[in-house]
>>> print(open('entry.txt').read())   # compact mmCIF, C-alpha atoms
# COMPACT_ATOMS: atom_id res chain seq x y z
CA MET A 269 208.65 -33.84 -44.01
CA SER A 270 208.30 -31.16 -46.66
CA VAL A 271 211.42 -30.01 -48.47
CA GLN A 272 209.69 -27.96 -51.16
CA LEU A 273 210.90 -24.66 -49.73
CA VAL A 274 214.51 -25.81 -49.84
CA LEU A 275 214.45 -25.03 -53.54
CA LEU A 276 213.06 -21.61 -52.73
CA ALA A 277 215.90 -21.12 -50.25
CA ILE A 278 218.40 -22.02 -52.95
CA LEU A 279 216.85 -19.52 -55.34
CA MET A 280 216.79 -16.83 -52.66
CA ALA A 281 220.44 -17.53 -51.95
CA ALA A 282 221.17 -17.36 -55.67
CA VAL A 283 219.79 -13.83 -55.95
CA THR A 284 221.42 -12.72 -52.69
CA TYR A 285 224.92 -13.97 -53.39
CA PRO A 286 225.71 -11.59 -56.27
CA SER A 287 225.00 -8.58 -54.06
CA ARG A 288 227.44 -9.92 -51.52
CA ALA A 289 230.07 -11.12 -53.95
CA ILE A 290 230.30 -8.91 -57.00
CA PRO A 291 232.09 -5.94 -55.41
CA LEU A 292 234.42 -8.27 -53.51
CA LEU A 293 235.26 -10.30 -56.57
CA ILE A 294 235.15 -7.59 -59.24
CA PRO A 295 235.98 -4.30 -57.54
CA GLY A 296 234.56 -1.24 -59.25
CA ILE A 297 231.53 -2.92 -60.78
CA GLU A 298 229.28 -1.95 -57.92
CA ARG A 299 228.77 1.66 -58.92
CA LEU A 300 225.11 2.45 -59.23
CA PRO A 301 223.25 5.64 -60.04
CA ARG A 302 222.40 7.69 -56.98
CA ARG A 303 218.69 7.30 -57.66
CA ALA A 304 218.95 3.51 -57.68
CA LEU A 305 220.81 3.53 -54.37
CA ASP A 306 218.21 5.81 -52.86
CA TYR A 307 215.46 3.46 -54.00
CA LEU A 308 217.21 0.42 -52.58
CA GLN A 309 217.64 2.17 -49.24
CA LEU A 310 213.88 2.49 -49.01
CA VAL A 311 212.94 -1.04 -50.05
CA GLY A 312 213.67 -2.49 -46.62
CA PRO A 313 211.35 -0.24 -44.60
CA ALA A 314 208.62 -0.45 -47.25
CA VAL A 315 208.54 -4.19 -47.66
CA LEU A 316 208.83 -4.94 -43.96
CA ALA A 317 206.09 -2.43 -43.16
CA ALA A 318 203.87 -3.96 -45.83
CA LEU A 319 204.46 -7.41 -44.38
CA ALA A 320 203.68 -6.27 -40.85
CA ALA A 321 200.60 -4.31 -41.83
CA VAL A 322 199.14 -7.00 -44.06
CA ASN A 323 199.86 -9.74 -41.57
CA VAL A 324 198.17 -8.01 -38.67
CA THR A 325 195.22 -6.36 -40.44
CA VAL A 326 194.19 -8.70 -43.22
CA VAL A 327 192.70 -12.14 -42.75
CA SER A 328 191.41 -14.41 -45.45
CA PRO A 329 188.57 -16.55 -44.12
CA GLY A 330 187.41 -18.74 -46.94
CA GLY A 331 189.99 -17.21 -49.22
CA LYS A 332 188.43 -13.74 -49.33
CA PRO A 333 190.60 -11.00 -47.81
CA ALA A 334 188.92 -9.03 -45.04
CA PHE A 335 189.96 -6.27 -42.66
CA HIS A 336 190.66 -7.51 -39.16
CA ILE A 337 190.84 -5.68 -35.87
CA GLY A 338 192.02 -7.67 -32.91
CA VAL A 339 194.26 -7.91 -29.93
CA GLU A 340 197.17 -8.48 -32.31
CA TRP A 341 197.06 -4.77 -33.14
CA LEU A 342 197.54 -3.80 -29.53
CA ALA A 343 200.25 -6.39 -29.09
CA VAL A 344 202.20 -5.19 -32.10
CA ILE A 345 201.89 -1.55 -31.06
CA ALA A 346 203.03 -2.38 -27.54
CA SER A 347 205.91 -4.46 -28.90
CA VAL A 348 207.07 -1.70 -31.19
CA GLY A 349 206.84 0.81 -28.37
CA VAL A 350 209.07 -1.29 -26.17
CA MET A 351 211.48 -1.99 -29.02
CA ALA A 352 211.81 1.70 -29.75
CA TRP A 353 212.12 2.59 -26.08
CA ARG A 354 214.51 -0.11 -24.94
CA LYS A 355 216.18 -0.73 -28.32
CA ASN A 356 215.57 -4.41 -27.75
CA LEU A 357 213.70 -6.53 -30.26
CA LEU A 358 213.38 -9.58 -28.06
CA LEU A 359 211.95 -7.70 -25.12
CA GLY A 360 209.30 -6.20 -27.36
CA LEU A 361 208.44 -9.56 -28.88
CA ALA A 362 208.13 -11.15 -25.47
CA LEU A 363 205.69 -8.47 -24.38
CA GLY A 364 203.57 -8.93 -27.50
CA VAL A 365 203.44 -12.69 -27.06
CA VAL A 366 202.51 -12.42 -23.40
CA LEU A 367 199.76 -9.88 -24.13
CA VAL A 368 198.16 -12.04 -26.80
CA ALA A 369 198.50 -15.23 -24.78
CA LEU A 370 196.92 -13.58 -21.75
CA ALA A 371 194.08 -12.09 -23.78
CA ARG A 372 193.28 -15.44 -25.30
CA ALA A 373 193.65 -17.36 -22.07
CA THR A 374 191.23 -15.04 -20.31
CA GLY A 375 188.75 -15.06 -23.15
CA LEU A 376 189.23 -11.39 -24.01
CA ALA A 377 190.31 -12.31 -27.52
CA ALA A 378 189.75 -15.16 -29.90
CA MET B 1365 221.78 -12.62 -32.79
CA THR B 1366 220.90 -15.84 -31.00
CA GLY B 1367 217.57 -14.50 -29.80
CA PHE B 1368 216.71 -13.21 -33.25
CA GLY B 1369 217.58 -16.56 -34.84
CA PHE B 1370 215.57 -18.37 -32.20
CA VAL B 1371 212.53 -16.24 -32.94
CA TYR B 1372 213.01 -16.85 -36.66
CA GLY B 1373 212.98 -20.60 -36.03
CA LEU B 1374 209.84 -20.32 -33.95
CA ALA B 1375 208.09 -18.12 -36.50
CA ALA B 1376 209.07 -20.35 -39.39
CA ARG B 1377 207.65 -23.42 -37.69
CA ALA B 1378 204.51 -21.54 -36.72
CA ALA B 1379 204.07 -20.59 -40.39
CA GLY B 1380 204.32 -24.22 -41.45
CA PHE B 1381 207.94 -24.47 -42.53
CA SER B 1382 209.40 -27.92 -41.95
CA PRO B 1383 212.62 -28.12 -39.92
CA VAL B 1384 214.63 -28.81 -43.06
CA GLU B 1385 213.10 -25.85 -44.87
CA ALA B 1386 213.65 -23.46 -41.97
CA MET B 1387 217.25 -24.57 -41.55
CA ALA B 1388 217.91 -24.41 -45.30
CA MET B 1389 216.92 -20.75 -45.22
CA SER B 1390 219.36 -20.00 -42.42
CA LEU B 1391 222.21 -21.98 -43.94
CA LEU B 1392 221.78 -20.91 -47.55
CA VAL B 1393 220.15 -17.49 -47.53
CA PHE B 1394 221.66 -16.42 -44.20
CA ALA B 1395 219.95 -13.03 -44.15
CA GLY B 1396 217.68 -12.40 -41.19
CA ALA B 1397 215.32 -9.76 -42.56
CA ALA B 1398 214.89 -11.61 -45.86
CA GLN B 1399 214.26 -14.87 -44.04
CA PHE B 1400 211.64 -13.30 -41.81
CA ALA B 1401 210.07 -11.68 -44.86
CA ALA B 1402 210.03 -15.01 -46.67
CA ILE B 1403 207.85 -16.41 -43.93
CA GLY B 1404 205.33 -13.69 -44.69
CA TYR B 1405 205.60 -14.14 -48.43
CA VAL B 1406 204.96 -17.85 -48.21
CA ALA B 1407 202.18 -17.48 -45.67
CA GLY B 1408 200.59 -14.82 -47.88
CA GLY B 1409 200.65 -17.10 -50.88
CA LEU B 1410 203.09 -14.99 -52.87
CA ALA B 1411 204.33 -16.81 -55.97
CA TRP B 1412 208.01 -17.70 -56.00
CA PRO B 1413 209.05 -15.15 -58.64
CA GLY B 1414 207.67 -12.46 -56.36
CA VAL B 1415 209.52 -13.90 -53.38
CA ILE B 1416 212.74 -13.96 -55.35
CA LEU B 1417 212.32 -10.42 -56.66
CA LEU B 1418 211.64 -8.98 -53.22
CA THR B 1419 214.49 -10.97 -51.72
CA ALA B 1420 216.87 -9.60 -54.32
CA LEU B 1421 215.76 -6.04 -53.63
CA LEU B 1422 215.81 -6.44 -49.86
CA ASN B 1423 219.28 -7.97 -49.92
CA ALA B 1424 220.70 -5.55 -52.45
CA ARG B 1425 222.08 -3.52 -49.54
CA HIS B 1426 224.81 -6.16 -49.26
CA LEU B 1427 226.21 -4.74 -52.47
CA LEU B 1428 227.22 -1.67 -50.52
CA TYR B 1429 228.72 -3.59 -47.62
CA SER B 1430 230.70 -5.68 -50.05
CA ALA B 1431 231.87 -2.56 -51.85
CA SER B 1432 233.01 -1.07 -48.55
CA LEU B 1433 235.02 -4.15 -47.66
CA ALA B 1434 236.44 -4.73 -51.14
CA PRO B 1435 239.36 -2.28 -50.85
CA TRP B 1436 240.43 -3.91 -47.60
CA LEU B 1437 240.24 -7.47 -48.89
CA ARG B 1438 241.36 -7.10 -52.50
CA GLU B 1439 244.71 -8.78 -51.86
CA ARG B 1440 243.09 -11.96 -50.56
CA PRO B 1441 242.79 -15.01 -52.83
CA LEU B 1442 239.70 -15.04 -55.01
CA ARG B 1443 238.43 -18.31 -53.59
CA ARG B 1444 238.52 -17.00 -50.04
CA ARG B 1445 236.81 -13.78 -51.04
CA ALA B 1446 234.09 -15.86 -52.69
CA LEU B 1447 233.48 -17.68 -49.42
CA MET B 1448 233.69 -14.45 -47.44
CA ALA B 1449 230.89 -13.10 -49.62
CA HIS B 1450 228.41 -15.77 -48.56
CA LEU B 1451 229.05 -14.92 -44.93
CA LEU B 1452 228.68 -11.18 -45.39
CA THR B 1453 225.79 -9.97 -43.26
CA ASP B 1454 224.85 -6.73 -41.58
CA GLU B 1455 226.46 -7.90 -38.37
CA ALA B 1456 229.60 -9.29 -40.02
CA PHE B 1457 230.06 -6.03 -41.91
CA ALA B 1458 229.56 -3.84 -38.88
CA LEU B 1459 231.93 -5.90 -36.74
CA SER B 1460 234.65 -6.41 -39.33
CA ILE B 1461 234.77 -2.87 -40.72
CA ALA B 1462 235.05 -1.56 -37.17
CA HIS B 1463 237.84 -4.03 -36.49
CA PHE B 1464 239.70 -3.18 -39.69
CA ARG B 1465 239.54 0.49 -38.90
CA ARG B 1466 240.72 -0.05 -35.37
CA VAL B 1467 243.76 -2.14 -36.32
CA GLY B 1468 244.39 -0.14 -39.49
CA ARG B 1469 244.58 -3.13 -41.82
CA ALA B 1470 242.49 -5.98 -43.21
CA ASP B 1471 242.65 -8.69 -40.57
CA GLU B 1472 241.28 -11.73 -42.36
CA ARG B 1473 241.11 -13.77 -39.19
CA GLY B 1474 239.05 -11.00 -37.65
CA TYR B 1475 236.64 -11.21 -40.56
CA TRP B 1476 236.20 -14.96 -40.15
CA ILE B 1477 235.61 -14.54 -36.44
CA ALA B 1478 233.01 -11.83 -37.08
CA ALA B 1479 231.34 -13.76 -39.87
CA ILE B 1480 231.46 -17.31 -38.56
CA ALA B 1481 231.94 -17.37 -34.81
CA SER B 1482 229.90 -14.26 -34.08
CA THR B 1483 227.23 -14.59 -36.72
CA PHE B 1484 226.87 -17.75 -38.84
CA VAL B 1485 227.21 -20.35 -36.10
CA PRO B 1486 225.06 -18.56 -33.49
CA TRP B 1487 222.41 -17.76 -36.09
CA ASN B 1488 222.10 -21.35 -37.22
CA LEU B 1489 222.26 -22.85 -33.74
CA ALA B 1490 219.58 -20.42 -32.61
CA THR B 1491 217.45 -21.23 -35.64
CA PHE B 1492 217.77 -24.91 -34.82
CA ALA B 1493 216.72 -24.28 -31.23
CA GLY B 1494 213.70 -22.27 -32.37
CA VAL B 1495 212.76 -24.90 -34.92
CA ALA B 1496 213.09 -27.68 -32.34
CA LEU B 1497 211.00 -25.88 -29.75
CA GLY B 1498 208.48 -24.66 -32.32
CA GLY B 1499 207.91 -28.23 -33.41
CA GLN B 1500 206.85 -29.16 -29.90
CA ILE B 1501 204.09 -26.56 -29.78
CA ALA B 1502 200.93 -27.97 -31.28
CA ASP B 1503 198.99 -24.69 -31.37
CA PRO B 1504 201.36 -21.69 -31.53
CA SER B 1505 198.51 -19.17 -31.56
CA ARG B 1506 197.34 -20.37 -28.15
CA TYR B 1507 200.58 -19.02 -26.72
CA GLY B 1508 200.50 -15.85 -28.75
CA LEU B 1509 203.34 -16.95 -30.99
CA ASP B 1510 201.44 -15.94 -34.11
CA VAL B 1511 202.09 -12.32 -33.16
CA VAL B 1512 205.86 -12.83 -33.25
CA PHE B 1513 206.05 -12.38 -36.99
CA PRO B 1514 204.13 -9.10 -37.42
CA ALA B 1515 205.71 -7.67 -34.27
CA ALA B 1516 209.18 -8.57 -35.49
CA MET B 1517 208.48 -7.05 -38.91
CA ALA B 1518 207.12 -3.87 -37.33
CA GLY B 1519 210.07 -3.64 -34.96
CA LEU B 1520 212.57 -4.11 -37.76
CA THR B 1521 210.77 -1.46 -39.76
CA VAL B 1522 211.02 1.05 -36.94
CA GLY B 1523 214.73 0.27 -36.67
CA LEU B 1524 215.19 1.02 -40.35
CA VAL B 1525 213.50 4.40 -40.24
CA THR B 1526 216.54 6.62 -40.19
CA GLY B 1527 215.08 9.62 -41.96
CA ARG B 1528 211.92 11.08 -43.42
CA ARG B 1529 212.26 9.15 -46.65
CA GLU B 1530 212.24 5.82 -44.81
CA LEU B 1531 209.30 6.96 -42.72
CA ILE B 1532 207.25 7.86 -45.79
CA ALA B 1533 208.30 4.69 -47.62
CA ALA B 1534 207.26 2.55 -44.65
CA ALA B 1535 203.95 4.33 -44.09
CA VAL B 1536 202.98 4.31 -47.75
CA GLY B 1537 204.25 0.77 -48.24
CA GLY B 1538 202.18 -0.46 -45.33
CA GLY B 1539 199.10 1.46 -46.47
CA ILE B 1540 199.33 0.29 -50.05
CA GLY B 1541 199.98 -3.22 -48.81
CA VAL B 1542 196.76 -3.30 -46.82
CA VAL B 1543 194.59 -1.66 -49.49
CA ALA B 1544 195.92 -3.85 -52.27
CA SER B 1545 195.57 -6.92 -50.08
CA LEU B 1546 191.92 -6.19 -49.45
CA ALA B 1547 191.24 -5.32 -53.07
CA LEU B 1548 193.22 -8.10 -54.68
CA SER B 1549 195.17 -10.49 -52.47
CA PRO B 1550 197.77 -10.35 -49.66
CA ALA B 1551 200.45 -11.50 -52.07
CA VAL B 1552 199.78 -8.60 -54.43
CA GLY B 1553 199.57 -6.22 -51.49
CA ILE B 1554 203.00 -7.17 -50.16
CA VAL B 1555 204.64 -6.74 -53.55
CA ALA B 1556 202.81 -3.48 -54.28
CA GLY B 1557 203.68 -2.02 -50.89
CA GLY B 1558 207.31 -3.09 -51.14
CA LEU B 1559 207.80 -1.68 -54.62
CA LEU B 1560 205.67 1.47 -54.50
CA GLY B 1561 206.48 2.60 -50.97
CA PRO B 1562 210.05 3.54 -51.90
CA LEU B 1563 208.78 5.69 -54.77
CA ALA B 1564 206.77 7.74 -52.28
CA GLY B 1565 209.86 8.06 -50.10
CA LEU B 1566 211.86 9.35 -53.04
CA ALA B 1567 209.41 12.22 -53.35
CA ILE B 1568 211.05 13.72 -50.28
CA PRO B 1569 213.96 15.89 -51.42
CA ARG B 1570 217.35 14.70 -50.24
CA THR B 1571 217.93 17.97 -48.46
CA ALA B 1572 214.81 17.43 -46.37
CA ALA B 1573 215.36 13.72 -45.71
CA HIS B 1574 217.43 14.12 -42.52
CA GLU B 1575 219.07 10.76 -43.20
CA THR B 1576 221.15 9.59 -40.24
CA ALA B 1577 222.37 6.23 -41.52
CA PRO B 1578 223.04 6.12 -45.26
CA LEU B 1579 222.89 2.65 -46.75
CA GLY B 1580 226.24 0.91 -46.87
CA THR B 1581 227.60 2.51 -43.73
CA PRO B 1582 228.15 0.74 -40.41
CA ALA B 1583 225.35 2.78 -38.91
CA SER B 1584 222.98 1.37 -41.51
CA ALA B 1585 224.26 -2.15 -40.98
CA GLU B 1586 223.58 -1.94 -37.28
CA ARG B 1587 220.00 -1.00 -37.96
CA TYR B 1588 219.48 -3.99 -40.20
CA GLY B 1589 221.25 -6.25 -37.75
CA ALA B 1590 219.53 -7.85 -34.80
CA GLN B 1591 218.39 -5.09 -32.54
CA GLY B 1592 219.25 -5.48 -28.92
CA VAL B 1593 222.57 -7.00 -29.85
CA PRO B 1594 225.39 -4.80 -28.64
CA HIS B 1595 227.85 -3.75 -31.29
CA GLU B 1596 231.17 -2.09 -30.90
CA PRO B 1597 230.99 1.59 -31.63
CA VAL B 1598 231.93 1.92 -35.26
CA ALA B 1599 231.75 5.62 -35.82
CA PRO B 1600 235.09 6.96 -36.91
CA PRO B 1601 236.06 9.71 -34.53
CA ASP B 1602 237.36 11.97 -37.23
CA GLY B 1603 234.54 11.72 -39.71
CA GLN B 1604 236.62 9.64 -42.10
CA ALA B 1605 235.11 7.24 -44.59
CA VAL B 1606 234.91 3.52 -43.93
CA VAL B 1607 237.15 2.92 -46.92
CA PRO B 1608 240.93 3.13 -46.80
CA PRO B 1609 242.37 6.54 -47.56
CA ASP B 1610 243.71 5.51 -50.95
CA ARG B 1611 240.21 4.65 -52.04
CA GLN B 1612 238.63 7.90 -51.03
CA SER B 1613 240.11 9.72 -53.96
CA ASN B 1614 238.02 7.55 -56.26
CA GLN B 1615 234.83 9.28 -55.29
CA PRO B 1616 232.94 10.39 -58.36
CA PRO B 1617 233.08 14.16 -58.48
CA ASP B 1618 229.83 14.90 -60.18
CA GLY B 1619 227.28 12.76 -58.38
CA GLN B 1620 226.50 10.82 -61.55
CA ALA B 1621 227.55 7.60 -59.94
CA VAL B 1622 227.96 6.90 -56.30
CA GLU B 1623 230.70 5.07 -54.53
CA PRO B 1624 228.64 3.13 -52.03
CA SER B 1625 231.42 2.99 -49.50
CA GLY B 1626 231.80 6.72 -49.40
CA PRO B 1627 231.60 8.71 -46.22
CA PRO B 1628 228.19 9.44 -44.85
CA PRO B 1629 227.32 13.12 -44.65
CA ASP B 1630 227.30 13.08 -40.89
CA GLY B 1631 230.53 11.22 -40.42
CA GLY B 1632 228.84 7.86 -40.01
CA SER B 1633 227.64 8.25 -36.50
CA ALA B 1634 225.99 5.08 -35.35
>>> encode(input="entry.txt", output="structure tokens")
Amino acid sequence: MSVQLVLLAILMAAVTYPSRAIPLLIPGIERLPRRALDYLQLVGPAVLAALAAVNVTVVSPGGKPAFHIGVEWLAVIASVGVMAWRKNLLLGLALGVVLVALARATGLAA
Amino acid sequence: MTGFGFVYGLAARAAGFSPVEAMAMSLLVFAGAAQFAAIGYVAGGLAWPGVILLTALLNARHLLYSASLAPWLRERPLRRRALMAHLLTDEAFALSIAHFRRVGRADERGYWIAAIASTFVPWNLATFAGVALGGQIADPSRYGLDVVFPAAMAGLTVGLVTGRRELIAAAVGGGIGVVASLALSPAVGIVAGGLLGPLAGLAIPRTAAHETAPLGTPASAERYGAQGVPHEPVAPPDGQAVVPPDRQSNQPPDGQAVEPSGPPPDGGSA
């Protein structure tokens, strides 16, 4: 069983902990310029959107990145629609999974 | 929380994480969005320094939660505050700050309940369940489980769009991510989208941003937390800040530096 990523988890924890701890342990040190705070507020949406977009639209057959259009697009769009409508992540995920599974089971998608 | 952790466990196994690796993330990192993102980083072949940089940026919002709680908890022993810090998540912040405000004091037991009983234990048990079930599925894509990750990322993104700046940052980040992935590699695309998207968002003037959940407020925490999980209403009825009154006078007057725990412009409506 691989444990290589345990070290990565430790390193990720090491860079996360200061954000959680510094203001609690050394009050007053957390002040940041307004511009830096504004930037940090936008990192979450940007990085998560990049992950979603790359994951669903880019495939790398043989190591060469290529644009991909597939049922996953529809599934993700449907999932997001349900999540936004019902404010429920799990419900949206379940719909996406079912759509893709059905499409593949019926031969409509690879 | 449990459902979100379960899906994380499933997605991690589907991406090739071993049970020990998936559980180590939940126990040590204990940050849902960053853990989900790490699955994508690793699957995309992003080098570890890139993973660590993006994790640090993504989790930097905890700085603001911690700053908001600091005035309430400053009388607690240092060692306990150090442990509290590891357990500080979006959910723990939203629950505990609401509780502190309601009872009018720092209830340490309430914090532990919010952080451990309501968050840490369910998250890790759910991860374990997802990891265990994911390990039994020989071909996750056959059951559509490969779509869990991008759908979860997209859903979390939508939840984080609380103003025009976030919308632009997400759209540009996603676009740059795809273009750079095709031109160079997915790893480069993810980093480029994550770092450059926010710059595009900053091009929107603050006055036109229509921000409804400034970072570091309970409203923001709820958006980062597991969607679909009911939270107590945390909006102060009188538009007061989430910090104790004696702290509010410490607001910088000139906007040069920002007190992260300061009152949101709209009174912190969730």
>>> residues_around(input="entry.txt", residues="A:Leu276", least_positions_apart="2", cutoff="9 Å", atoms="all atoms listed in the file", output="list in words")
Gln272, Leu273, Val274, Ile278, Leu279, Met280 and Ala281 of chain A; Glu1385, Met1389, Trp1412, Val1415 and Ile1416 of chain B
>>> closest_residue(input="entry.txt", among="A:Ile294, A:Asn356, A:Ala346, A:Val339", to="chain B", atoms="all atoms listed in the file")
A:Asn356
>>> residues_near_point(input="entry.txt", point="(199.3, -22.3, -35.8)", cutoff="7 Å", atoms="only C-alpha atoms", output="ChimeraX atom specification")
/B:1378-1379,1503-1505,1510
>>> atom_distance(input="entry.txt", atom1="atom CA of A:Leu319", atom2="atom CA of B:Ile1480")
29.3 Å
>>> residues_around(input="entry.txt", residues="stretch 1546-1556 of chain B", least_positions_apart="6", cutoff="7 Å", atoms="all atoms listed in the file", output="number ranges by chain")
A: 315, 318-319, 322, 333-334; B: 1405, 1408-1410, 1540
>>> closest_residue(input="entry.txt", among="B:Met1387, B:Val1511, B:Ala1518, B:Leu1563", to="A:Ala320", atoms="all atoms listed in the file")
B:Ala1518
>>> closest_atom_pairs(input="entry.txt", of="chain B", to="chain A", cutoff="6 Å", atoms="all atoms listed in the file", output="JSON lines")
{"residue": "B:Ser1382", "atom": "CA", "partner": "A:Ser270", "partner_atom": "CA", "distance": 5.8}
{"residue": "B:Glu1385", "atom": "CA", "partner": "A:Val274", "partner_atom": "CA", "distance": 5.2}
{"residue": "B:Ala1388", "atom": "CA", "partner": "A:Val274", "partner_atom": "CA", "distance": 5.8}
{"residue": "B:Met1389", "atom": "CA", "partner": "A:Ala277", "partner_atom": "CA", "distance": 5.1}
{"residue": "B:Leu1392", "atom": "CA", "partner": "A:Ala281", "partner_atom": "CA", "distance": 5.7}
{"residue": "B:Val1393", "atom": "CA", "partner": "A:Ala281", "partner_atom": "CA", "distance": 4.4}
{"residue": "B:Ile1416", "atom": "CA", "partner": "A:Met280", "partner_atom": "CA", "distance": 5.6}
{"residue": "B:Ala1420", "atom": "CA", "partner": "A:Val283", "partner_atom": "CA", "distance": 5.4}
{"residue": "B:Leu1422", "atom": "CA", "partner": "A:Gly312", "partner_atom": "CA", "distance": 5.5}
{"residue": "B:Asn1423", "atom": "CA", "partner": "A:Thr284", "partner_atom": "CA", "distance": 5.9}
{"residue": "B:Ala1424", "atom": "CA", "partner": "A:Ser287", "partner_atom": "CA", "distance": 5.5}
{"residue": "B:His1426", "atom": "CA", "partner": "A:Arg288", "partner_atom": "CA", "distance": 5.1}
{"residue": "B:Leu1427", "atom": "CA", "partner": "A:Ser287", "partner_atom": "CA", "distance": 4.3}
{"residue": "B:Ser1430", "atom": "CA", "partner": "A:Pro291", "partner_atom": "CA", "distance": 5.5}
{"residue": "B:Ala1431", "atom": "CA", "partner": "A:Pro291", "partner_atom": "CA", "distance": 4.9}
{"residue": "B:Ala1434", "atom": "CA", "partner": "A:Leu292", "partner_atom": "CA", "distance": 4.7}
{"residue": "B:Ala1449", "atom": "CA", "partner": "A:Ala289", "partner_atom": "CA", "distance": 4.8}
{"residue": "B:Tyr1507", "atom": "CA", "partner": "A:Ala369", "partner_atom": "CA", "distance": 4.7}
{"residue": "B:Gly1508", "atom": "CA", "partner": "A:Ala369", "partner_atom": "CA", "distance": 4.5}
{"residue": "B:Leu1509", "atom": "CA", "partner": "A:Val365", "partner_atom": "CA", "distance": 5.8}
{"residue": "B:Pro1514", "atom": "CA", "partner": "A:Ala320", "partner_atom": "CA", "distance": 4.5}
{"residue": "B:Ala1515", "atom": "CA", "partner": "A:Val344", "partner_atom": "CA", "distance": 4.8}
{"residue": "B:Met1517", "atom": "CA", "partner": "A:Ala320", "partner_atom": "CA", "distance": 5.2}
{"residue": "B:Ala1518", "atom": "CA", "partner": "A:Ala320", "partner_atom": "CA", "distance": 5.5}
{"residue": "B:Gly1519", "atom": "CA", "partner": "A:Val348", "partner_atom": "CA", "distance": 5.2}
{"residue": "B:Thr1521", "atom": "CA", "partner": "A:Pro313", "partner_atom": "CA", "distance": 5.0}
{"residue": "B:Leu1524", "atom": "CA", "partner": "A:Pro313", "partner_atom": "CA", "distance": 5.9}
{"residue": "B:Glu1530", "atom": "CA", "partner": "A:Leu310", "partner_atom": "CA", "distance": 5.6}
{"residue": "B:Ala1533", "atom": "CA", "partner": "A:Ala314", "partner_atom": "CA", "distance": 5.2}
{"residue": "B:Ala1534", "atom": "CA", "partner": "A:Ala314", "partner_atom": "CA", "distance": 4.2}
{"residue": "B:Gly1537", "atom": "CA", "partner": "A:Ala314", "partner_atom": "CA", "distance": 4.6}
{"residue": "B:Gly1538", "atom": "CA", "partner": "A:Ala318", "partner_atom": "CA", "distance": 3.9}
{"residue": "B:Gly1541", "atom": "CA", "partner": "A:Ala318", "partner_atom": "CA", "distance": 5.0}
{"residue": "B:Val1542", "atom": "CA", "partner": "A:Val322", "partner_atom": "CA", "distance": 5.2}
{"residue": "B:Leu1546", "atom": "CA", "partner": "A:Pro333", "partner_atom": "CA", "distance": 5.3}
{"residue": "B:Ile1554", "atom": "CA", "partner": "A:Ala318", "partner_atom": "CA", "distance": 5.5}
{"residue": "B:Gly1557", "atom": "CA", "partner": "A:Ala318", "partner_atom": "CA", "distance": 5.4}
{"residue": "B:Gly1558", "atom": "CA", "partner": "A:Val315", "partner_atom": "CA", "distance": 3.9}
{"residue": "B:Gly1561", "atom": "CA", "partner": "A:Ala314", "partner_atom": "CA", "distance": 5.3}
{"residue": "B:Pro1562", "atom": "CA", "partner": "A:Leu310", "partner_atom": "CA", "distance": 4.9}
{"residue": "B:Leu1579", "atom": "CA", "partner": "A:Gln309", "partner_atom": "CA", "distance": 5.8}
{"residue": "B:Gln1591", "atom": "CA", "partner": "A:Leu357", "partner_atom": "CA", "distance": 5.4}
{"residue": "B:Gly1592", "atom": "CA", "partner": "A:Asn356", "partner_atom": "CA", "distance": 4.0}
{"residue": "B:Ala1621", "atom": "CA", "partner": "A:Pro301", "partner_atom": "CA", "distance": 4.7}
{"residue": "B:Val1622", "atom": "CA", "partner": "A:Arg302", "partner_atom": "CA", "distance": 5.7}
{"residue": "B:Glu1623", "atom": "CA", "partner": "A:Arg299", "partner_atom": "CA", "distance": 5.9}
>>> atom_distance(input="entry.txt", atom1="atom CA of B:Ala1458", atom2="atom CA of B:Ala1398")
18.0 Å
>>> atom_distance(input="entry.txt", atom1="atom CA of B:Thr1483", atom2="atom CA of B:Leu1531")
28.7 Å
>>> closest_residue(input="entry.txt", among="B:Gly1474, B:Gly1539, B:Gly1527, B:Gly1369", to="B:Pro1569", atoms="all atoms listed in the file")
B:Gly1527
